[in-house]
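This is coords.txt (compact mmCIF, C-alpha atoms).
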```
# COMPACT_ATOMS: atom_id res chain seq x y z
CA MET A 1234 49.34 -31.51 -55.93
CA LYS A 1235 47.30 -34.59 -56.79
CA LYS A 1236 48.42 -36.45 -59.86
CA LYS A 1237 45.97 -36.53 -62.76
CA ASP A 1238 44.30 -39.89 -63.40
CA ILE A 1239 44.42 -41.29 -66.92
CA SER A 1240 42.33 -44.02 -68.52
CA ILE A 1241 44.00 -45.88 -71.40
CA ILE A 1242 41.62 -47.65 -73.77
CA LEU A 1243 42.94 -50.66 -75.68
CA PRO A 1244 40.62 -52.54 -78.08
CA VAL A 1245 41.96 -55.96 -79.11
CA TYR A 1246 40.94 -58.47 -81.73
CA ASN A 1247 42.93 -61.62 -82.57
CA ALA A 1248 46.16 -59.98 -81.45
CA GLU A 1249 47.89 -62.94 -79.79
CA GLU A 1250 51.19 -62.37 -81.61
CA ILE A 1251 51.72 -58.78 -80.50
CA ILE A 1252 49.42 -57.89 -77.60
CA ASP A 1253 51.96 -58.89 -74.94
CA ARG A 1254 54.44 -56.36 -76.32
CA THR A 1255 51.83 -53.61 -76.37
CA ILE A 1256 50.66 -54.18 -72.78
CA ASN A 1257 54.26 -54.32 -71.57
CA THR A 1258 54.93 -50.82 -72.89
CA ILE A 1259 51.94 -49.56 -70.88
CA GLU A 1260 52.97 -51.33 -67.69
CA LYS A 1261 56.46 -49.82 -67.98
CA GLN A 1262 55.22 -46.21 -68.03
CA SER A 1263 57.15 -43.79 -65.82
CA TYR A 1264 53.80 -42.21 -64.86
CA ASN A 1265 51.74 -44.60 -62.75
CA ASN A 1266 48.39 -42.86 -62.16
CA PHE A 1267 46.55 -44.75 -64.85
CA GLU A 1268 44.12 -47.55 -65.52
CA LEU A 1269 44.25 -49.73 -68.60
CA ILE A 1270 40.90 -50.86 -69.99
CA ILE A 1271 41.28 -53.78 -72.39
CA ILE A 1272 38.23 -54.45 -74.56
CA ASN A 1273 38.47 -57.89 -76.18
CA ASP A 1274 36.28 -57.47 -79.26
CA GLY A 1275 35.37 -61.14 -79.75
CA SER A 1276 38.84 -62.58 -80.38
CA THR A 1277 38.95 -66.22 -81.46
CA ASP A 1278 42.67 -66.84 -80.81
CA HIS A 1279 44.66 -66.77 -77.54
CA THR A 1280 44.34 -63.02 -77.02
CA LYS A 1281 42.05 -63.58 -74.02
CA GLU A 1282 44.52 -65.77 -72.14
CA ILE A 1283 47.39 -63.31 -72.66
CA CYS A 1284 45.33 -60.33 -71.52
CA LEU A 1285 44.04 -62.19 -68.46
CA GLN A 1286 47.60 -63.07 -67.44
CA HIS A 1287 48.34 -59.35 -67.26
CA SER A 1288 45.09 -58.31 -65.58
CA GLU A 1289 45.39 -60.97 -62.87
CA LYS A 1290 48.84 -59.69 -61.92
CA ASN A 1291 48.19 -55.96 -62.28
CA PRO A 1292 45.24 -54.25 -60.52
CA LYS A 1293 45.56 -51.28 -62.90
CA ILE A 1294 44.31 -53.46 -65.76
CA LYS A 1295 40.61 -54.08 -66.38
CA TYR A 1296 39.70 -56.79 -68.86
CA ILE A 1297 36.33 -56.77 -70.66
CA GLU A 1298 35.13 -59.31 -73.21
CA ILE A 1299 32.38 -58.54 -75.73
CA GLU A 1300 31.00 -59.92 -78.98
CA ASN A 1301 32.77 -58.67 -82.08
CA ASN A 1302 31.30 -55.32 -83.15
CA GLY A 1303 34.26 -53.28 -84.34
CA VAL A 1304 36.88 -50.94 -82.90
CA SER A 1305 34.55 -47.94 -82.63
CA ASN A 1306 32.10 -49.84 -80.45
CA ALA A 1307 34.95 -51.11 -78.27
CA ARG A 1308 36.38 -47.62 -77.80
CA ASN A 1309 32.97 -46.18 -76.94
CA LEU A 1310 32.52 -48.86 -74.30
CA GLY A 1311 35.98 -48.09 -72.90
CA VAL A 1312 35.16 -44.39 -72.64
CA SER A 1313 31.90 -45.17 -70.84
CA MET A 1314 33.82 -47.22 -68.25
CA ALA A 1315 36.74 -44.81 -67.82
CA LYS A 1316 37.33 -43.44 -64.32
CA GLY A 1317 40.27 -41.22 -65.25
CA GLU A 1318 40.10 -37.48 -65.65
CA TYR A 1319 41.86 -37.82 -69.00
CA ILE A 1320 41.75 -40.44 -71.74
CA CYS A 1321 44.34 -41.94 -74.08
CA PHE A 1322 43.98 -44.61 -76.74
CA ILE A 1323 46.39 -47.22 -78.04
CA ASP A 1324 46.07 -49.79 -80.82
CA SER A 1325 46.79 -53.44 -80.07
CA ASP A 1326 49.89 -53.70 -82.28
CA ASP A 1327 51.54 -50.41 -81.27
CA GLU A 1328 53.81 -49.18 -78.47
CA TYR A 1329 54.07 -46.26 -76.06
CA ASP A 1330 57.42 -44.69 -75.29
CA SER A 1331 58.14 -45.21 -71.57
CA LYS A 1332 57.52 -41.48 -70.96
CA PHE A 1333 54.40 -41.17 -73.12
CA LEU A 1334 51.95 -40.61 -70.25
CA GLU A 1335 54.34 -38.52 -68.16
CA THR A 1336 55.08 -36.16 -71.05
CA MET A 1337 51.52 -35.89 -72.35
CA VAL A 1338 49.78 -35.36 -69.01
CA ARG A 1339 52.19 -32.59 -68.08
CA GLN A 1340 50.71 -30.42 -70.84
CA ILE A 1341 47.03 -31.35 -70.66
CA GLU A 1342 44.37 -28.98 -69.35
CA GLU A 1343 40.57 -28.99 -69.45
CA LYS A 1344 40.12 -27.03 -72.69
CA LYS A 1345 43.12 -28.41 -74.54
CA LEU A 1346 44.21 -31.23 -76.83
CA VAL A 1347 47.78 -32.54 -76.59
CA VAL A 1348 49.41 -34.16 -79.64
CA CYS A 1349 52.78 -35.88 -79.97
CA ALA A 1350 55.01 -36.97 -82.85
CA TYR A 1351 55.34 -40.67 -83.68
CA ASP A 1352 57.28 -43.27 -85.66
CA ARG A 1353 55.48 -45.04 -88.49
CA ILE A 1354 57.13 -48.44 -88.78
CA ASN A 1355 56.59 -50.67 -91.79
CA GLU A 1356 56.81 -54.23 -90.47
CA LYS A 1357 57.34 -55.69 -93.93
CA ASN A 1358 60.54 -53.84 -94.78
CA GLY A 1359 61.60 -52.24 -91.47
CA ASN A 1360 61.40 -48.67 -92.80
CA ILE A 1361 60.80 -46.05 -90.11
CA ARG A 1362 59.17 -42.75 -91.03
CA LYS A 1363 59.26 -40.03 -88.39
CA ILE A 1364 55.94 -38.21 -88.39
CA LYS A 1365 56.50 -34.77 -86.90
CA VAL A 1366 56.31 -31.03 -87.51
CA ASP A 1367 59.61 -29.31 -88.15
CA LYS A 1368 58.56 -25.98 -86.64
CA ASN A 1369 57.00 -24.57 -83.48
CA ILE A 1370 53.25 -24.36 -83.95
CA ASN A 1371 52.19 -23.81 -80.35
CA ALA A 1372 52.05 -20.03 -80.67
CA LYS A 1373 49.70 -20.18 -83.66
CA GLN A 1374 45.91 -19.94 -83.80
CA ILE A 1375 44.05 -23.23 -83.44
CA LYS A 1376 42.92 -23.21 -87.09
CA GLN A 1377 46.55 -22.96 -88.23
CA GLN A 1378 47.53 -25.69 -85.78
CA ILE A 1379 44.88 -28.07 -87.09
CA GLU A 1380 45.89 -27.46 -90.69
CA THR A 1381 49.59 -27.95 -89.95
CA LEU A 1382 48.91 -31.15 -88.02
CA GLN A 1383 46.70 -32.47 -90.83
CA ALA A 1384 49.30 -31.65 -93.46
CA ASN A 1385 51.93 -33.54 -91.43
CA LEU A 1386 49.77 -36.64 -90.73
CA LEU A 1387 49.41 -35.85 -87.03
CA PHE A 1388 45.75 -34.90 -86.68
CA ASN A 1389 43.56 -37.74 -87.90
CA GLN A 1390 44.54 -40.38 -85.33
CA VAL A 1391 43.46 -40.67 -81.69
CA TRP A 1392 46.38 -42.70 -80.33
CA ASN A 1393 48.98 -39.90 -80.36
CA LYS A 1394 46.79 -37.63 -78.21
CA ILE A 1395 45.39 -37.14 -74.72
CA TYR A 1396 41.79 -35.97 -74.21
CA SER A 1397 39.66 -34.50 -71.45
CA LYS A 1398 37.03 -37.04 -70.46
CA SER A 1399 34.62 -34.32 -69.35
CA ILE A 1400 34.58 -32.78 -72.85
CA ILE A 1401 33.88 -36.19 -74.40
CA LYS A 1402 31.14 -37.06 -71.92
CA GLU A 1403 29.41 -33.68 -71.67
CA ASN A 1404 29.17 -33.33 -75.44
CA ASN A 1405 28.37 -36.99 -76.15
CA ILE A 1406 31.31 -37.40 -78.51
CA LYS A 1407 31.49 -40.95 -79.80
CA PHE A 1408 33.20 -43.00 -82.46
CA ASP A 1409 30.87 -43.63 -85.39
CA LYS A 1410 30.24 -47.39 -85.54
CA ASN A 1411 29.01 -47.08 -89.13
CA LEU A 1412 32.39 -45.91 -90.45
CA SER A 1413 35.04 -48.39 -91.56
CA ILE A 1414 37.67 -45.69 -92.11
CA GLY A 1415 38.02 -42.14 -90.84
CA GLU A 1416 36.29 -42.71 -87.50
CA ASP A 1417 39.27 -41.26 -85.59
CA TYR A 1418 39.24 -38.18 -87.80
CA ILE A 1419 35.54 -37.51 -87.18
CA PHE A 1420 36.02 -38.02 -83.44
CA ASN A 1421 38.74 -35.36 -83.47
CA ILE A 1422 36.65 -32.98 -85.58
CA GLU A 1423 33.88 -33.23 -83.00
CA TYR A 1424 36.28 -32.83 -80.08
CA ILE A 1425 37.98 -29.66 -81.27
CA LYS A 1426 34.65 -27.84 -81.34
CA TYR A 1427 34.95 -27.58 -77.56
CA ILE A 1428 38.62 -26.77 -76.95
CA GLU A 1429 40.57 -23.53 -76.92
CA SER A 1430 44.07 -24.65 -77.85
CA ILE A 1431 46.29 -27.50 -79.05
CA GLU A 1432 49.67 -28.31 -77.53
CA TYR A 1433 52.09 -30.07 -79.88
CA ILE A 1434 54.97 -32.06 -78.34
CA ASP A 1435 57.91 -32.41 -80.71
CA LYS A 1436 59.00 -35.80 -79.36
CA ILE A 1437 58.54 -39.32 -80.73
CA LEU A 1438 56.39 -40.87 -78.02
CA TYR A 1439 54.43 -43.48 -79.97
CA LYS A 1440 55.34 -46.30 -82.34
CA TYR A 1441 52.73 -47.03 -84.97
CA TYR A 1442 53.24 -50.35 -86.76
CA THR A 1443 51.80 -50.93 -90.21
CA LYS A 1444 51.83 -53.80 -92.68
CA GLU A 1445 51.36 -51.32 -95.52
CA THR A 1446 51.44 -53.06 -98.89
CA GLY A 1447 50.31 -50.31 -101.27
CA LEU A 1448 47.04 -52.07 -102.12
CA SER A 1449 44.83 -49.73 -104.10
CA LEU A 1450 41.56 -48.13 -103.25
CA LEU A 1451 39.98 -50.72 -105.48
CA LYS A 1452 40.29 -53.19 -102.60
CA ARG A 1453 37.91 -50.94 -100.65
CA ASP A 1454 35.55 -49.48 -103.20
CA ASN A 1455 34.01 -46.87 -100.91
CA LYS A 1456 37.20 -45.45 -99.38
CA LEU A 1457 37.32 -42.32 -101.53
CA LYS A 1458 33.62 -41.63 -101.01
CA ILE A 1459 34.07 -41.92 -97.24
CA LYS A 1460 37.03 -39.53 -97.31
CA LEU A 1461 35.00 -36.97 -99.22
CA GLU A 1462 32.03 -37.36 -96.86
CA ASN A 1463 34.34 -36.87 -93.88
CA TRP A 1464 35.77 -33.80 -95.58
CA LYS A 1465 32.27 -32.34 -95.67
CA LYS A 1466 32.01 -32.77 -91.91
CA ASN A 1467 35.25 -30.86 -91.52
CA LYS A 1468 33.87 -28.15 -93.80
CA LYS A 1469 30.81 -27.88 -91.57
CA LEU A 1470 33.11 -27.20 -88.60
CA TYR A 1471 34.94 -24.47 -90.55
CA ILE A 1472 31.64 -22.81 -91.41
CA GLU A 1473 30.47 -22.99 -87.78
CA LYS A 1474 33.73 -21.39 -86.64
CA GLY A 1475 33.67 -18.76 -89.39
CA TRP A 1476 37.05 -19.91 -90.70
CA ASN A 1477 38.34 -19.26 -94.23
CA LEU A 1478 37.78 -22.32 -96.46
CA GLU A 1479 40.82 -22.00 -98.73
CA TYR A 1480 42.78 -24.76 -96.95
CA LEU A 1481 39.79 -27.10 -97.31
CA TYR A 1482 39.41 -26.33 -101.01
CA ASN A 1483 43.03 -27.34 -101.55
CA GLN A 1484 42.48 -30.45 -99.40
CA TYR A 1485 39.43 -31.45 -101.47
CA ILE A 1486 41.40 -31.25 -104.70
CA GLN A 1487 44.25 -33.28 -103.17
CA ILE A 1488 41.86 -35.99 -101.97
CA CYS A 1489 40.36 -36.25 -105.46
CA LEU A 1490 43.79 -36.40 -107.13
CA ALA A 1491 45.00 -39.03 -104.67
CA GLY A 1492 41.82 -40.96 -105.38
CA ILE A 1493 42.18 -41.01 -109.15
CA SER A 1494 45.88 -41.93 -108.81
CA LYS A 1495 44.66 -45.26 -107.45
CA PHE A 1496 42.52 -45.88 -110.54
CA VAL A 1497 44.93 -44.97 -113.36
CA PHE A 1498 45.97 -48.51 -114.31
CA HIS A 1499 42.51 -49.98 -113.97
CA LYS A 1500 40.48 -50.73 -117.11
CA LYS A 1501 37.39 -49.10 -115.59
CA PHE A 1502 39.09 -45.78 -114.90
CA LYS A 1503 36.20 -43.73 -116.27
CA GLU A 1504 33.59 -45.70 -114.33
CA ASN A 1505 35.57 -45.40 -111.10
CA ILE A 1506 35.82 -41.63 -111.51
CA LYS A 1507 32.08 -41.40 -112.11
CA ASP A 1508 31.21 -43.68 -109.18
CA ASN A 1509 33.53 -42.11 -106.61
CA ILE A 1510 33.78 -38.40 -107.42
CA VAL A 1511 30.27 -37.11 -108.00
CA ASP A 1512 29.86 -33.83 -106.11
CA ASN A 1513 29.73 -31.29 -108.94
CA SER A 1514 28.43 -28.60 -106.58
CA GLN A 1515 31.68 -28.70 -104.64
CA PHE A 1516 33.76 -28.20 -107.78
CA GLU A 1517 31.52 -25.28 -108.72
CA GLU A 1518 32.09 -23.73 -105.28
CA ILE A 1519 35.87 -24.09 -105.64
CA ILE A 1520 35.80 -22.49 -109.09
CA LYS A 1521 33.76 -19.59 -107.71
CA ASN A 1522 35.50 -18.97 -104.38
CA SER A 1523 39.03 -20.38 -104.30
CA ILE A 1524 41.93 -17.95 -104.59
CA SER A 1525 44.10 -20.68 -106.13
CA GLN A 1526 44.10 -20.70 -109.92
CA LYS A 1527 45.49 -24.23 -109.90
CA ASN A 1528 42.56 -25.48 -107.80
CA LYS A 1529 40.10 -23.71 -110.10
CA ILE A 1530 41.62 -25.30 -113.20
CA ILE A 1531 41.62 -28.81 -111.71
CA ALA A 1532 38.05 -28.34 -110.44
CA LYS A 1533 36.96 -27.38 -113.99
CA ILE A 1534 38.63 -30.51 -115.36
CA PHE A 1535 36.71 -32.67 -112.90
CA LEU A 1536 33.48 -30.76 -113.46
CA ASN A 1537 33.69 -31.15 -117.25
CA ASN A 1538 34.75 -34.80 -116.92
CA ARG A 1539 37.85 -34.47 -119.11
CA ILE A 1540 38.85 -38.12 -118.83
CA LEU A 1541 42.18 -38.01 -120.70
CA ILE A 1542 43.41 -35.03 -118.68
CA LEU A 1543 42.18 -36.65 -115.47
CA TYR A 1544 44.09 -39.79 -116.39
CA LEU A 1545 47.30 -37.79 -116.88
CA LEU A 1546 46.72 -35.96 -113.58
CA GLY A 1547 46.23 -39.33 -111.90
CA VAL A 1548 49.55 -40.60 -113.28
CA LEU A 1549 51.36 -37.45 -112.09
CA ALA A 1550 49.73 -37.73 -108.66
CA LYS A 1551 50.78 -41.39 -108.42
CA VAL A 1552 54.41 -40.56 -109.28
CA TYR A 1553 54.45 -37.65 -106.83
CA ARG A 1554 53.07 -39.77 -104.00
CA LYS A 1555 55.74 -42.44 -104.55
CA VAL A 1556 58.57 -39.88 -104.64
CA TYR A 1557 57.14 -38.14 -101.55
CA LYS A 1558 57.05 -41.43 -99.62
CA ILE A 1559 60.66 -42.22 -100.55
CA ARG A 1560 61.79 -38.78 -99.36
CA LYS A 1561 59.97 -39.13 -96.05
CA VAL A 1562 61.49 -42.53 -95.13
CA ASP A 1563 64.58 -42.21 -92.95
```
Would you put the structure from the file into structure tokens?
Amino acid sequence: MKKKDISIILPVYNAEEIIDRTINTIEKQSYNNFELIIINDGSTDHTKEICLQHSEKNPKIKYIEIENNGVSNARNLGVSMAKGEYICFIDSDDEYDSKFLETMVRQIEEKKLVVCAYDRINEKNGNIRKIKVDKNINAKQIKQQIETLQANLLFNQVWNKIYSKSIIKENNIKFDKNLSIGEDYIFNIEYIKYIESIEYIDKILYKYYTKETGLSLLKRDNKLKIKLENWKKNKKLYIEKGWNLEYLYNQYIQICLAGISKFVFHKKFKENIKDNIVDNSQFEEIIKNSISQKNKIIAKIFLNNRILILYLLGVLAKVYRKVYKIRKVD
């Protein structure tokens, strides 16, 4: 049986300190039917020289250089050039396990999405958080799988997955170049419209490195708005599929609470709430249709703009998020 061909898409930008490590983990894969497409997105450091050293020695590596236009544009270009039957993505500061491709491709089929667990590594303090599901979800319906993966931080990314190129191409699925956050999430929302099942692999096959510092949403004023807009796109999918919206109602409330938790110690708390959480119609829908009394109560608080109560909810949400993070770090 012919081995399946895989195209790996790697956008890079000013990654001279870590790109060698990343490419090495790809070259050391136990599965060798792959091509690596490196898209240099206008780097101004020595990234080009390092990538060329690899491409000149390894015929599996294709090196492309373009003007800087963002990761979404680079990924779209990589997909357009891909010759493989299946597509994987990797970020320039991350690593594949040596059996990433071998394990993922074994489970992939035309109408399927394959997802693996990963390590989230904080480079500042060395903490490693294992991102995985502690139960078998492969026998569940796809809606339940998506919700479980989202709840366990495994759905939104593209780099812990393998995709069918034909689904991407035939349905013109692309990364939105206008989004600064959440572009992976929207790509996945579009992709799952055309698949029949998800296969979850309970193995750590990817290392995701982060320099997470806990900077607030105030550093990116539109982050909460973008999250809520992306949520609406997910809601549209649920409506198209005829799925129950209760999970999404709960998710909407959680996004809003997480958002206000970032504003609680800012002097313009009230203004930030007004500027970032403005969709009263959605709160009205939750009050009318949700089966959760807690969600209804919180939606009423937002709808009636009870600032003091919202402030207290924000403080509680902030404390909970910190405790949750501590518990999840191994």
So which residues touch A:Asn1463 within 10 Å, counting only C-alpha atoms, skipping near sequence neighbours fewer than 4 positions away, as a VMD selection string? chain A and resid 1412 1414 to 1416 1418 to 1419 1422 1457 to 1459 1467 to 1469
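Taking atom CA of A:Ile1437 and atom CA of A:Trp1464 as the two end points, the separation is 27.7 Å.
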So, with all atoms listed in the file as the atoms that count, which of A:Val1497, A:Asn1537, A:Lys1368, A:Lys1529 lies closest to A:Leu1549? A:Val1497
When you look at A:Gly1317 with a cut-off of 6 Å (counting only C-alpha atoms), what residues show up, excluding the ones that are within fewer than 4 positions of it in the same chain? I need them as a PyMOL selection string. chain A and resi 1238-1240
Please save C-alpha atoms of the selected residues as a PDB file, in the coordinates of the input.
```pdb
ATOM      1  CA  ASP A1238      44.300 -39.890 -63.400  1.00  0.00           C
ATOM      2  CA  ILE A1239      44.420 -41.290 -66.920  1.00  0.00           C
ATOM      3  CA  SER A1240      42.330 -44.020 -68.520  1.00  0.00           C
TER       4      SER A1240
END
```
Which neighbours of A:Pro1292 fall inside 12 Å, counting all atoms listed in the file, when residues of the same chain fewer than 4 positions from it are skipped, and could you give them as a PyMOL selection string? chain A and resi 1260+1265-1270+1285-1288+1296
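Separating atom CA of A:Tyr1246 from atom CA of A:Thr1277 is a distance of 8.0 Å.
The shortest atom-to-atom distance to A:Val1366, with all atoms listed in the file taken into account, belongs to A:Leu1382 out of A:Leu1438, A:Leu1382, A:Ile1354, A:Leu1546.
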Close residues, A:Gln1262 itself excluded, 10 Å, all atoms listed in the file, min 3 positions apart in chain, as an mmCIF file with C-alpha atoms, keeping the file's coordinate frame:
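After the write, part_24.cif holds the following:
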```
data_model
loop_
_atom_site.group_PDB
_atom_site.id
_atom_site.type_symbol
_atom_site.label_atom_id
_atom_site.label_comp_id
_atom_site.auth_asym_id
_atom_site.auth_seq_id
_atom_site.Cartn_x
_atom_site.Cartn_y
_atom_site.Cartn_z
ATOM 1 C CA ASN A 1257 54.260 -54.320 -71.570
ATOM 2 C CA THR A 1258 54.930 -50.820 -72.890
ATOM 3 C CA ILE A 1259 51.940 -49.560 -70.880
ATOM 4 C CA ASN A 1265 51.740 -44.600 -62.750
ATOM 5 C CA ASN A 1266 48.390 -42.860 -62.160
ATOM 6 C CA PHE A 1267 46.550 -44.750 -64.850
ATOM 7 C CA TYR A 1329 54.070 -46.260 -76.060
ATOM 8 C CA ASP A 1330 57.420 -44.690 -75.290
ATOM 9 C CA SER A 1331 58.140 -45.210 -71.570
ATOM 10 C CA LYS A 1332 57.520 -41.480 -70.960
ATOM 11 C CA PHE A 1333 54.400 -41.170 -73.120
ATOM 12 C CA LEU A 1334 51.950 -40.610 -70.250
ATOM 13 C CA GLU A 1335 54.340 -38.520 -68.160
#
```
Quick one: what's the axis-aligned box for stretch 1500-1507 of chain A, all listed atoms, 4 Å on every side, centre and edges in Å to one decimal, as JSON?
```
{"center_x": 36.3, "center_y": -46.1, "center_z": -114.1, "size_x": 16.4, "size_y": 17.3, "size_z": 14.0}
```
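Atom pair atom CA of A:Ile1431 / atom CA of A:Leu1346: separated by 4.8 Å.
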Using only C-alpha atoms, the best pick from A:Ile1428, A:Ala1307, A:Cys1284, A:Ile1375 as closest to A:Glu1343 would be A:Ile1428
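Checking A:Glu1473, A:Asp1278, A:Glu1518, A:Glu1318 one by one against A:Ser1397, counting only C-alpha atoms, you find the shortest gap at A:Glu1318.
Near A:Lys1410, within a cut-off of 10 Å and counting only C-alpha atoms, sit the residues Asn1302, Gly1303, Val1304, Ser1305, Asn1306, Ala1307, Arg1308, Asn1309 and Glu1416 of chain A, with same-chain residues fewer than 6 positions away left out.
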Let me make sure I understand: among A:Tyr1319, A:Tyr1482, A:Tyr1433, A:Phe1496, which one has the smallest atom-to-atom distance to A:Val1338 if we use all atoms listed in the file? A:Tyr1319
Residue with the minimum atom-to-atom distance to A:Ile1395, picked from A:Phe1498, A:Tyr1485, A:Tyr1424, A:Tyr1471 with all atoms listed in the file counted, is A:Tyr1424
Starting from the point (33.0, -24.1, -107.1), work out which residues of protein, DNA or RNA have an atom no more than 12 Å away when counting all atoms listed in the file; state them as a tab-separated table (two decimals) with C-alpha atoms, keeping the file's coordinate frame.
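Result file result.tsv:
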```tsv
chain	number	residue	atom	x	y	z
A	1478	LEU	CA	37.78	-22.32	-96.46
A	1479	GLU	CA	40.82	-22.00	-98.73
A	1482	TYR	CA	39.41	-26.33	-101.01
A	1483	ASN	CA	43.03	-27.34	-101.55
A	1485	TYR	CA	39.43	-31.45	-101.47
A	1486	ILE	CA	41.40	-31.25	-104.70
A	1512	ASP	CA	29.86	-33.83	-106.11
A	1513	ASN	CA	29.73	-31.29	-108.94
A	1514	SER	CA	28.43	-28.60	-106.58
A	1515	GLN	CA	31.68	-28.70	-104.64
A	1516	PHE	CA	33.76	-28.20	-107.78
A	1517	GLU	CA	31.52	-25.28	-108.72
A	1518	GLU	CA	32.09	-23.73	-105.28
A	1519	ILE	CA	35.87	-24.09	-105.64
A	1520	ILE	CA	35.80	-22.49	-109.09
A	1521	LYS	CA	33.76	-19.59	-107.71
A	1522	ASN	CA	35.50	-18.97	-104.38
A	1523	SER	CA	39.03	-20.38	-104.30
A	1524	ILE	CA	41.93	-17.95	-104.59
A	1525	SER	CA	44.10	-20.68	-106.13
A	1526	GLN	CA	44.10	-20.70	-109.92
A	1528	ASN	CA	42.56	-25.48	-107.80
A	1529	LYS	CA	40.10	-23.71	-110.10
A	1530	ILE	CA	41.62	-25.30	-113.20
A	1531	ILE	CA	41.62	-28.81	-111.71
A	1532	ALA	CA	38.05	-28.34	-110.44
A	1533	LYS	CA	36.96	-27.38	-113.99
A	1534	ILE	CA	38.63	-30.51	-115.36
A	1535	PHE	CA	36.71	-32.67	-112.90
A	1536	LEU	CA	33.48	-30.76	-113.46
```
